[in-house]
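Novice: See model-v7.txt below, with compact mmCIF, C-alpha atoms and all ligand atoms.
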```
# COMPACT_ATOMS: atom_id res chain seq x y z
CA MET A 1 278.28 32.57 -25.68
CA ILE A 2 280.70 34.19 -28.12
CA GLU A 3 284.35 33.14 -28.21
CA VAL A 4 287.01 34.99 -30.17
CA LEU A 5 290.18 32.92 -30.17
CA ASP A 6 293.52 34.39 -31.27
CA LEU A 7 291.79 36.07 -34.19
CA THR A 8 293.75 37.84 -36.91
CA LYS A 9 292.25 39.48 -39.99
CA VAL A 10 294.42 41.06 -42.66
CA TYR A 11 292.99 43.01 -45.62
CA GLY A 12 295.78 43.53 -48.16
CA SER A 13 298.37 45.53 -46.26
CA THR A 14 295.97 46.40 -43.38
CA ARG A 15 296.12 44.31 -40.23
CA ALA A 16 292.59 45.07 -39.01
CA VAL A 17 292.58 42.53 -36.14
CA SER A 18 295.68 41.06 -34.56
CA GLY A 19 295.75 38.04 -32.23
CA LEU A 20 292.51 39.06 -30.52
CA SER A 21 290.93 36.81 -27.87
CA PHE A 22 287.91 37.46 -25.64
CA HIS A 23 284.61 35.91 -24.51
CA ALA A 24 281.14 37.38 -24.29
CA GLU A 25 279.14 35.43 -21.71
CA PRO A 26 275.43 34.66 -21.43
CA GLY A 27 273.54 36.91 -19.02
CA GLN A 28 275.85 39.85 -19.64
CA VAL A 29 276.03 42.86 -21.90
CA THR A 30 279.60 42.96 -23.19
CA GLY A 31 280.71 46.36 -24.47
CA PHE A 32 283.15 46.15 -27.36
CA LEU A 33 284.98 49.42 -27.36
CA GLY A 34 287.64 51.03 -29.47
CA PRO A 35 288.40 54.19 -31.41
CA ASN A 36 287.47 54.50 -35.10
CA GLY A 37 289.29 51.90 -37.18
CA ALA A 38 290.20 49.76 -34.14
CA GLY A 39 288.79 46.60 -35.73
CA LYS A 40 285.40 46.26 -34.03
CA SER A 41 283.29 45.87 -37.17
CA THR A 42 285.83 43.49 -38.68
CA THR A 43 285.72 41.28 -35.58
CA MET A 44 281.91 41.25 -35.65
CA ARG A 45 281.89 40.38 -39.36
CA VAL A 46 284.20 37.45 -38.71
CA ILE A 47 282.07 36.26 -35.77
CA LEU A 48 279.05 36.39 -38.08
CA GLY A 49 280.83 34.43 -40.81
CA LEU A 50 280.66 37.34 -43.28
CA HIS A 51 284.45 37.58 -43.54
CA ALA A 52 286.85 34.68 -43.22
CA PRO A 53 289.55 34.99 -40.54
CA THR A 54 293.18 35.13 -41.71
CA SER A 55 293.96 32.98 -38.65
CA GLY A 56 292.28 32.10 -35.38
CA ARG A 57 288.61 31.38 -34.81
CA ALA A 58 285.35 32.97 -33.74
CA LEU A 59 282.61 30.77 -32.30
CA ILE A 60 278.95 31.24 -31.41
CA ASN A 61 277.68 28.72 -28.88
CA GLY A 62 280.80 26.65 -29.49
CA VAL A 63 280.62 26.45 -33.30
CA ALA A 64 281.36 28.63 -36.31
CA LYS A 65 278.35 30.65 -37.50
CA ARG A 66 277.98 28.52 -40.65
CA ASP A 67 277.58 25.41 -38.48
CA LEU A 68 274.67 26.75 -36.41
CA ARG A 69 271.61 24.59 -36.95
CA HIS A 70 269.02 27.38 -36.62
CA PRO A 71 271.00 30.57 -37.33
CA MET A 72 268.17 33.09 -36.95
CA ARG A 73 267.04 31.55 -33.68
CA GLU A 74 270.58 31.45 -32.28
CA VAL A 75 272.12 34.74 -33.31
CA GLY A 76 270.73 38.12 -34.32
CA ALA A 77 272.88 40.94 -35.60
CA MET A 78 272.78 44.51 -36.75
CA LEU A 79 275.88 45.74 -38.53
CA ASP A 80 274.93 48.66 -40.75
CA ALA A 81 271.40 49.97 -40.36
CA THR A 82 271.77 52.30 -43.34
CA GLU A 83 272.00 49.27 -45.64
CA VAL A 84 268.25 48.69 -45.40
CA GLN A 85 266.65 50.69 -48.18
CA GLY A 86 263.60 50.62 -50.27
CA GLY A 87 259.98 51.23 -50.83
CA ARG A 88 258.77 48.43 -48.59
CA SER A 89 257.18 49.14 -45.22
CA ALA A 90 258.96 48.20 -42.00
CA PHE A 91 256.34 45.50 -41.44
CA ASP A 92 256.78 44.01 -44.93
CA HIS A 93 260.57 44.09 -44.61
CA LEU A 94 260.47 42.21 -41.31
CA GLN A 95 257.76 39.89 -42.61
CA ALA A 96 259.99 38.91 -45.53
CA LEU A 97 262.87 38.20 -43.16
CA ALA A 98 260.58 36.20 -40.87
CA HIS A 99 259.24 34.21 -43.79
CA ALA A 100 262.75 33.40 -45.04
CA GLY A 101 263.72 32.23 -41.55
CA GLY A 102 260.57 30.17 -40.99
CA LEU A 103 259.31 32.51 -38.24
CA SER A 104 255.73 33.56 -37.54
CA SER A 105 254.22 37.02 -38.19
CA ARG A 106 253.60 37.26 -34.45
CA ARG A 107 257.34 37.81 -34.00
CA VAL A 108 257.17 40.75 -36.44
CA VAL A 109 254.46 42.45 -34.38
CA HIS A 110 256.37 41.72 -31.18
CA VAL A 111 259.76 43.09 -32.29
CA LEU A 112 258.18 46.24 -33.77
CA GLU A 113 256.64 46.83 -30.35
CA GLU A 114 259.94 46.11 -28.56
CA VAL A 115 261.82 48.80 -30.48
CA GLY A 116 258.97 51.33 -30.46
CA LEU A 117 258.20 51.22 -34.19
CA THR A 118 254.61 49.97 -34.07
CA GLY A 119 253.25 53.36 -35.10
CA ALA A 120 255.51 53.50 -38.16
CA ALA A 121 255.16 49.82 -39.13
CA ARG A 122 253.21 50.55 -42.34
CA LYS A 123 255.40 53.47 -43.45
CA ARG A 124 257.92 53.09 -46.25
CA ILE A 125 261.49 52.56 -45.04
CA ALA A 126 262.69 55.06 -47.67
CA GLY A 127 261.18 57.84 -45.55
CA PHE A 128 262.74 56.63 -42.26
CA SER A 129 265.18 58.77 -40.27
CA GLN A 130 268.54 57.28 -39.29
CA GLY A 131 267.20 56.58 -35.80
CA MET A 132 264.17 54.74 -37.22
CA ARG A 133 266.43 52.66 -39.48
CA GLN A 134 268.50 51.87 -36.42
CA ARG A 135 265.39 50.68 -34.57
CA LEU A 136 264.36 48.62 -37.59
CA GLY A 137 267.82 47.02 -37.68
CA ILE A 138 267.53 46.11 -34.01
CA ALA A 139 264.02 44.72 -34.62
CA ALA A 140 265.42 42.51 -37.41
CA ALA A 141 268.18 41.29 -35.08
CA LEU A 142 265.56 40.32 -32.47
CA LEU A 143 263.24 38.59 -34.93
CA GLY A 144 264.35 35.02 -34.26
CA ASP A 145 264.32 35.60 -30.47
CA PRO A 146 268.03 34.67 -30.49
CA GLY A 147 270.17 33.79 -27.49
CA VAL A 148 273.10 35.77 -28.91
CA LEU A 149 272.86 39.39 -30.10
CA ILE A 150 275.59 41.29 -31.93
CA LEU A 151 274.99 45.00 -32.50
CA ASP A 152 277.50 47.33 -34.16
CA GLU A 153 277.15 50.89 -32.83
CA PRO A 154 273.41 50.48 -32.11
CA VAL A 155 273.13 53.89 -30.46
CA ASN A 156 274.11 55.84 -33.60
CA GLY A 157 271.33 58.17 -34.65
CA LEU A 158 269.01 57.37 -31.76
CA ASP A 159 267.44 60.24 -29.82
CA PRO A 160 267.63 60.27 -25.98
CA ASP A 161 264.34 58.37 -25.67
CA GLY A 162 265.55 55.79 -28.21
CA ILE A 163 268.83 55.39 -26.31
CA ARG A 164 267.01 54.91 -23.00
CA ARG A 165 264.67 52.33 -24.54
CA LEU A 166 267.58 50.48 -26.14
CA ARG A 167 269.54 50.40 -22.88
CA ALA A 168 266.56 49.00 -21.01
CA LEU A 169 265.90 46.47 -23.77
CA LEU A 170 269.51 45.23 -23.85
CA ARG A 171 269.64 44.97 -20.06
CA SER A 172 266.43 42.94 -20.01
CA LEU A 173 267.64 40.68 -22.84
CA ALA A 174 270.83 39.98 -20.88
CA ALA A 175 268.81 39.42 -17.70
CA GLU A 176 266.93 36.70 -19.59
CA GLY A 177 270.28 34.92 -19.99
CA ARG A 178 271.18 36.06 -23.50
CA THR A 179 274.64 37.00 -24.69
CA VAL A 180 274.74 40.62 -25.84
CA LEU A 181 277.77 42.07 -27.61
CA LEU A 182 277.56 45.71 -28.61
CA SER A 183 280.23 47.93 -30.05
CA SER A 184 280.78 51.62 -29.52
CA HIS A 185 283.50 54.21 -29.68
CA LEU A 186 281.92 56.08 -26.77
CA MET A 187 283.05 54.90 -23.36
CA THR A 188 280.49 56.86 -21.36
CA GLU A 189 277.61 55.53 -23.41
CA ILE A 190 278.69 51.92 -23.23
CA SER A 191 279.54 52.06 -19.54
CA LEU A 192 275.88 52.82 -18.78
CA THR A 193 274.75 49.62 -20.49
CA ALA A 194 277.55 47.07 -20.32
CA ASP A 195 278.60 44.76 -17.48
CA LYS A 196 281.92 43.93 -19.07
CA LEU A 197 284.22 45.93 -21.33
CA VAL A 198 286.45 44.56 -24.04
CA ILE A 199 288.64 47.45 -25.23
CA ILE A 200 290.68 47.21 -28.42
CA SER A 201 292.98 49.54 -30.28
CA HIS A 202 294.79 48.91 -33.59
CA GLY A 203 293.20 45.45 -33.70
CA ARG A 204 294.70 44.36 -30.38
CA LEU A 205 293.17 43.72 -26.97
CA ILE A 206 293.91 46.53 -24.53
CA GLU A 207 291.61 45.60 -21.64
CA ASP A 208 289.14 42.87 -20.73
CA THR A 209 287.58 44.30 -17.59
CA THR A 210 284.47 45.67 -15.89
CA VAL A 211 283.37 49.30 -15.65
CA ALA A 212 283.90 49.24 -11.87
CA GLN A 213 287.40 47.77 -12.13
CA LEU A 214 288.39 50.32 -14.73
CA GLN A 215 287.12 53.22 -12.65
CA ALA A 216 288.93 51.96 -9.57
CA ARG A 217 292.24 51.92 -11.48
CA PHE A 218 292.12 55.58 -12.34
CA VAL A 219 292.64 57.13 -8.96
CA GLY A 220 291.18 60.54 -8.40
CA ASP A 221 292.07 63.47 -6.17
CA VAL A 222 290.13 65.78 -3.88
CA LEU A 223 289.45 69.43 -4.64
CA VAL A 224 289.64 71.55 -1.51
CA ARG A 225 288.68 75.23 -1.42
CA SER A 226 289.71 77.09 1.70
CA PRO A 227 290.42 80.59 3.01
CA HIS A 228 293.32 79.02 4.98
CA ALA A 229 294.86 77.17 2.02
CA THR A 230 298.52 77.73 2.86
CA ARG A 231 298.23 76.49 6.43
CA LEU A 232 295.93 73.63 5.41
CA ALA A 233 298.35 72.53 2.67
CA GLY A 234 301.09 72.24 5.31
CA VAL A 235 298.80 70.22 7.61
CA LEU A 236 297.81 67.83 4.82
CA GLU A 237 301.39 67.34 3.61
CA ALA A 238 302.42 66.56 7.19
CA ALA A 239 299.66 63.92 7.17
CA GLY A 240 301.22 62.30 4.07
CA ALA A 241 299.20 63.92 1.27
CA THR A 242 300.53 65.38 -1.96
CA VAL A 243 299.10 68.86 -2.52
CA ARG A 244 298.99 70.84 -5.77
CA ARG A 245 298.06 74.50 -5.78
CA ASP A 246 298.29 75.17 -9.56
CA THR A 247 294.61 74.55 -10.28
CA ALA A 248 294.18 77.33 -12.85
CA ALA A 249 294.72 75.01 -15.85
CA GLU A 250 292.31 72.35 -14.56
CA THR A 251 288.84 72.01 -16.02
CA ILE A 252 287.09 71.17 -12.80
CA PRO A 253 283.35 71.01 -12.22
CA ARG A 254 283.25 73.39 -9.24
CA SER A 255 280.37 74.29 -6.98
CA ALA A 256 281.76 77.87 -7.10
CA ALA A 257 284.85 79.68 -8.32
CA PRO A 258 287.24 80.69 -5.53
CA SER A 259 286.28 84.08 -4.14
CA ALA A 260 288.63 86.67 -2.65
CA GLY A 261 290.78 85.19 0.08
CA GLU A 262 290.09 81.57 -0.93
CA GLU A 263 292.45 79.23 -2.73
CA GLU A 264 292.04 75.78 -4.28
CA LEU A 265 294.14 72.74 -3.50
CA LEU A 266 294.20 69.40 -5.35
CA VAL A 267 294.99 66.69 -2.83
CA THR A 268 296.02 63.08 -3.45
CA GLY A 269 296.88 60.47 -0.87
CA LEU A 270 294.10 61.30 1.63
CA SER A 271 290.38 60.68 1.45
CA ALA A 272 287.90 63.56 1.57
CA ALA A 273 286.94 62.40 5.08
CA ALA A 274 290.56 62.44 6.29
CA ILE A 275 291.07 65.91 4.77
CA GLY A 276 287.91 67.21 6.48
CA ASP A 277 289.03 65.76 9.84
CA ALA A 278 292.54 67.25 9.49
CA ALA A 279 291.06 70.64 8.59
CA LEU A 280 288.78 70.57 11.63
CA ALA A 281 291.58 69.53 13.98
CA SER A 282 293.81 72.35 12.72
CA GLY A 283 291.07 75.00 12.77
CA CYS A 284 291.21 75.60 8.99
CA ALA A 285 287.87 76.44 7.40
CA VAL A 286 286.94 74.43 4.29
CA HIS A 287 284.45 75.88 1.78
CA GLU A 288 284.51 72.97 -0.67
CA LEU A 289 285.61 69.35 -0.51
CA THR A 290 284.98 67.45 -3.75
CA PRO A 291 286.39 63.98 -4.56
CA ARG A 292 287.24 63.80 -8.30
CA ARG A 293 287.76 60.74 -10.44
CA ALA A 294 289.21 60.63 -13.92
CA SER A 295 286.21 60.33 -16.21
CA LEU A 296 285.77 57.04 -18.03
CA GLU A 297 286.28 58.92 -21.28
CA GLU A 298 289.65 60.18 -20.02
CA SER A 299 290.61 56.63 -18.96
CA PHE A 300 289.65 55.34 -22.40
CA LEU A 301 291.75 57.97 -24.18
CA GLU A 302 294.72 57.14 -21.99
CA LEU A 303 294.34 53.39 -22.58
CA THR A 304 293.98 53.59 -26.34
CA ARG A 305 296.53 56.35 -26.97
N1 LIG A 401 286.71 45.24 -46.35
C1 LIG A 401 287.83 45.89 -46.01
N2 LIG A 401 288.86 46.00 -46.87
C2 LIG A 401 289.99 46.64 -46.53
N3 LIG A 401 290.21 47.21 -45.32
C3 LIG A 401 289.22 47.13 -44.42
C4 LIG A 401 287.98 46.47 -44.70
N4 LIG A 401 287.19 46.56 -43.61
C5 LIG A 401 287.90 47.24 -42.68
N5 LIG A 401 289.12 47.58 -43.16
C6 LIG A 401 290.17 48.31 -42.41
O1 LIG A 401 290.41 47.60 -41.22
C7 LIG A 401 290.62 48.51 -40.13
C8 LIG A 401 289.59 48.23 -39.04
O2 LIG A 401 288.33 48.66 -39.50
P1 LIG A 401 286.97 48.38 -38.72
O3 LIG A 401 285.85 48.91 -39.56
O4 LIG A 401 286.90 46.96 -38.31
O5 LIG A 401 287.15 49.29 -37.41
P2 LIG A 401 286.07 49.78 -36.38
O6 LIG A 401 286.68 49.65 -35.02
O7 LIG A 401 284.77 49.10 -36.60
O8 LIG A 401 285.96 51.32 -36.73
P3 LIG A 401 284.66 52.30 -36.75
O9 LIG A 401 284.34 52.64 -35.34
O10 LIG A 401 285.21 53.47 -37.51
O11 LIG A 401 283.58 51.57 -37.50
C9 LIG A 401 290.54 49.91 -40.71
O12 LIG A 401 291.86 50.31 -40.99
C10 LIG A 401 289.74 49.71 -41.99
O13 LIG A 401 290.09 50.68 -42.94
```
Take the structure in the file and give it back as structure tokens.
Ligand SMILES: Nc1ncnc2c1ncn2[C@@H]1O[C@H](COP(=O)(O)OP(=O)(O)OP(=O)(O)O)[C@@H](O)[C@H]1O
Specialist:
Amino acid sequence: MIEVLDLTKVYGSTRAVSGLSFHAEPGQVTGFLGPNGAGKSTTMRVILGLHAPTSGRALINGVAKRDLRHPMREVGAMLDATEVQGGRSAFDHLQALAHAGGLSSRRVVHVLEEVGLTGAARKRIAGFSQGMRQRLGIAAALLGDPGVLILDEPVNGLDPDGIRRLRALLRSLAAEGRTVLLSSHLMTEISLTADKLVIISHGRLIEDTTVAQLQARFVGDVLVRSPHATRLAGVLEAAGATVRRDTAAETIPRSAAPSAGEEELLVTGLSAAAIGDAALASGCAVHELTPRRASLEESFLELTR
């Protein structure tokens, strides 16, 4: 469990985090989302005891990081994967960390396997790609088999296979009852992994919600393509819908562009089923009926504007 309680962090004249409160619960992946400079990394650094809060508190399993009895076994973190440098191999790097934390070499072998780096374990880190460094950082975070994981932008630099592996890994770690907090500035990416979303902007909490709740709030419309658009528009308006016919400026994923004689309508206030029924009852042909929802990315931009 991670608790951030009325946290404020000021650097000089910059208020990086301002009165922020949220929880990340065991058994869930909590997505920590915000545009660049929103205060995500700062919050994570305070949670991890690397920066002192100006006011407020951040707790891991009910205590400040410095008061954890077995830090490596309780919390694992990856903040900046590019920080790891050097001529050592991935195995030796992890082995040194394991040794310092009183952990066995078996854990090193295990975490290398978990992040898909077994084949590169003996290669020098200096020659690693950004994605490989990212995997190594995640491996280091997992080393102590911790109940709490904090990952800052873990997807950066990973290829599609790496992203898929990471998603599956994080989901399975949460399913084992661990607390997983991961930051991102990409809503779509995080919504595929996280159960809960904590959205911040300018250091303040904007939303503490779930992906499903957020999607439900941004009501969509229905795209209707018909050769009888004028008559159908009248029928739908009489049934209580609002109909827009100025679709030219919309970037709509269409099954086909309107052909001669057809016109598009954007309908709100009636479901696709109700529109289809009304069209049938009035004898208007319908060539397309597509429910549209504001994309999560659009919702995010609107929320953090
Ligand atoms: N050590 C520091 N000293 C001074 N200002 C800082 C420091 N760390 C962060 N800041 C400032 O605090 C604000 C929040 O930065 P932070 O890195 O926490 O945001 P972020 O949400 O993680 O952004 P990004 O997605 O770009 O990493 C920014 O204005 C940043 O310039």
Novice: With all atoms listed in the file as the counted atoms, please give the residues lying no more than 6 Å from region 181-198 of chain A, apart from itself and same-chain residues fewer than 2 positions off, as a VMD selection string.
Specialist: chain A and resid 29 to 35 150 to 153 167 207 to 210 297
Novice: What are the closest atom pairs, with distances in Å to one decimal, for each residue of chain A lying within 6 Å of ligand LIG 401 (chain A), using only C-alpha atoms and all ligand atoms, rows by chain and rising residue number, as JSON lines?
Specialist:
```
{"residue": "A:Tyr11", "atom": "CA", "partner": "A:LIG401", "partner_atom": "C2", "distance": 4.8}
{"residue": "A:Ala16", "atom": "CA", "partner": "A:LIG401", "partner_atom": "O1", "distance": 4.0}
{"residue": "A:Gly34", "atom": "CA", "partner": "A:LIG401", "partner_atom": "O6", "distance": 5.8}
{"residue": "A:Pro35", "atom": "CA", "partner": "A:LIG401", "partner_atom": "O9", "distance": 5.9}
{"residue": "A:Asn36", "atom": "CA", "partner": "A:LIG401", "partner_atom": "O10", "distance": 3.5}
{"residue": "A:Gly37", "atom": "CA", "partner": "A:LIG401", "partner_atom": "O5", "distance": 3.4}
{"residue": "A:Ala38", "atom": "CA", "partner": "A:LIG401", "partner_atom": "O6", "distance": 3.6}
{"residue": "A:Gly39", "atom": "CA", "partner": "A:LIG401", "partner_atom": "O4", "distance": 3.2}
{"residue": "A:Lys40", "atom": "CA", "partner": "A:LIG401", "partner_atom": "O6", "distance": 3.8}
{"residue": "A:Ser41", "atom": "CA", "partner": "A:LIG401", "partner_atom": "O7", "distance": 3.6}
{"residue": "A:Thr42", "atom": "CA", "partner": "A:LIG401", "partner_atom": "O4", "distance": 3.7}
{"residue": "A:His185", "atom": "CA", "partner": "A:LIG401", "partner_atom": "O9", "distance": 5.9}
```
Novice: Report, in Å to a single decimal, how far apart CA of Glu3 (chain A) and CA of Leu158 (chain A) are.
Specialist: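 Taking CA of Leu158 (chain A) and CA of Glu3 (chain A), their separation equals 28.9 Å.
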Novice: When you count only C-alpha atoms, which of these residues is closest to Ala285 (chain A): A:Ser259, A:Leu232, A:Leu265, A:Glu237?
Specialist: A:Leu232
Novice: Using all atoms listed in the file, which protein or nucleic acid residues come within 6 Å of region 71-77 of chain A? Drop anything in the same chain fewer than 5 positions from it, and give the result as a list in words.
Specialist: Ala141, Leu142, Gly144, Asp145, Pro146, Gly147, Val148, Leu149, Ile150 and Leu151 of chain A
Novice: Pick the closest to Arg305 (chain A) from A:Ala260, A:Pro291, A:Ile200, A:Ala239: which is it, counting all atoms listed in the file?
Specialist: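 Residue with the minimum atom-to-atom distance to Arg305 (chain A): A:Ile200.
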Novice: One number please: CA of Ala58 (chain A) to CA of Ile2 (chain A), in Å, one decimal.
Specialist: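 These atoms are spaced 7.4 Å apart.
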Novice: Could you tell me which of A:Val211, A:Ala100, A:Leu296, A:Ile138 comes closest to Leu112 (chain A) if we count only C-alpha atoms?
Specialist: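 Residue with the minimum atom-to-atom distance to Leu112 (chain A): A:Ile138.
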Novice: Could you tell me, as a PyMOL selection string, which residues have any atom at most 10 Å from (286.1, 67.6, -2.0), counting all atoms listed in the file?
Specialist: chain A and resi 221-225+254+265-267+271-273+275-276+286-292
Novice: Near Ser18 (chain A), counting all atoms listed in the file, which residues have an atom at most 9 Å away, once you skip same-chain residues fewer than 5 positions from it, shown as a list of chain:residue names?
Specialist: A:Asp6, A:Leu7, A:Thr8, A:Lys9, A:Val10, A:Gly39, A:His202, A:Gly203, A:Arg204, A:Leu205
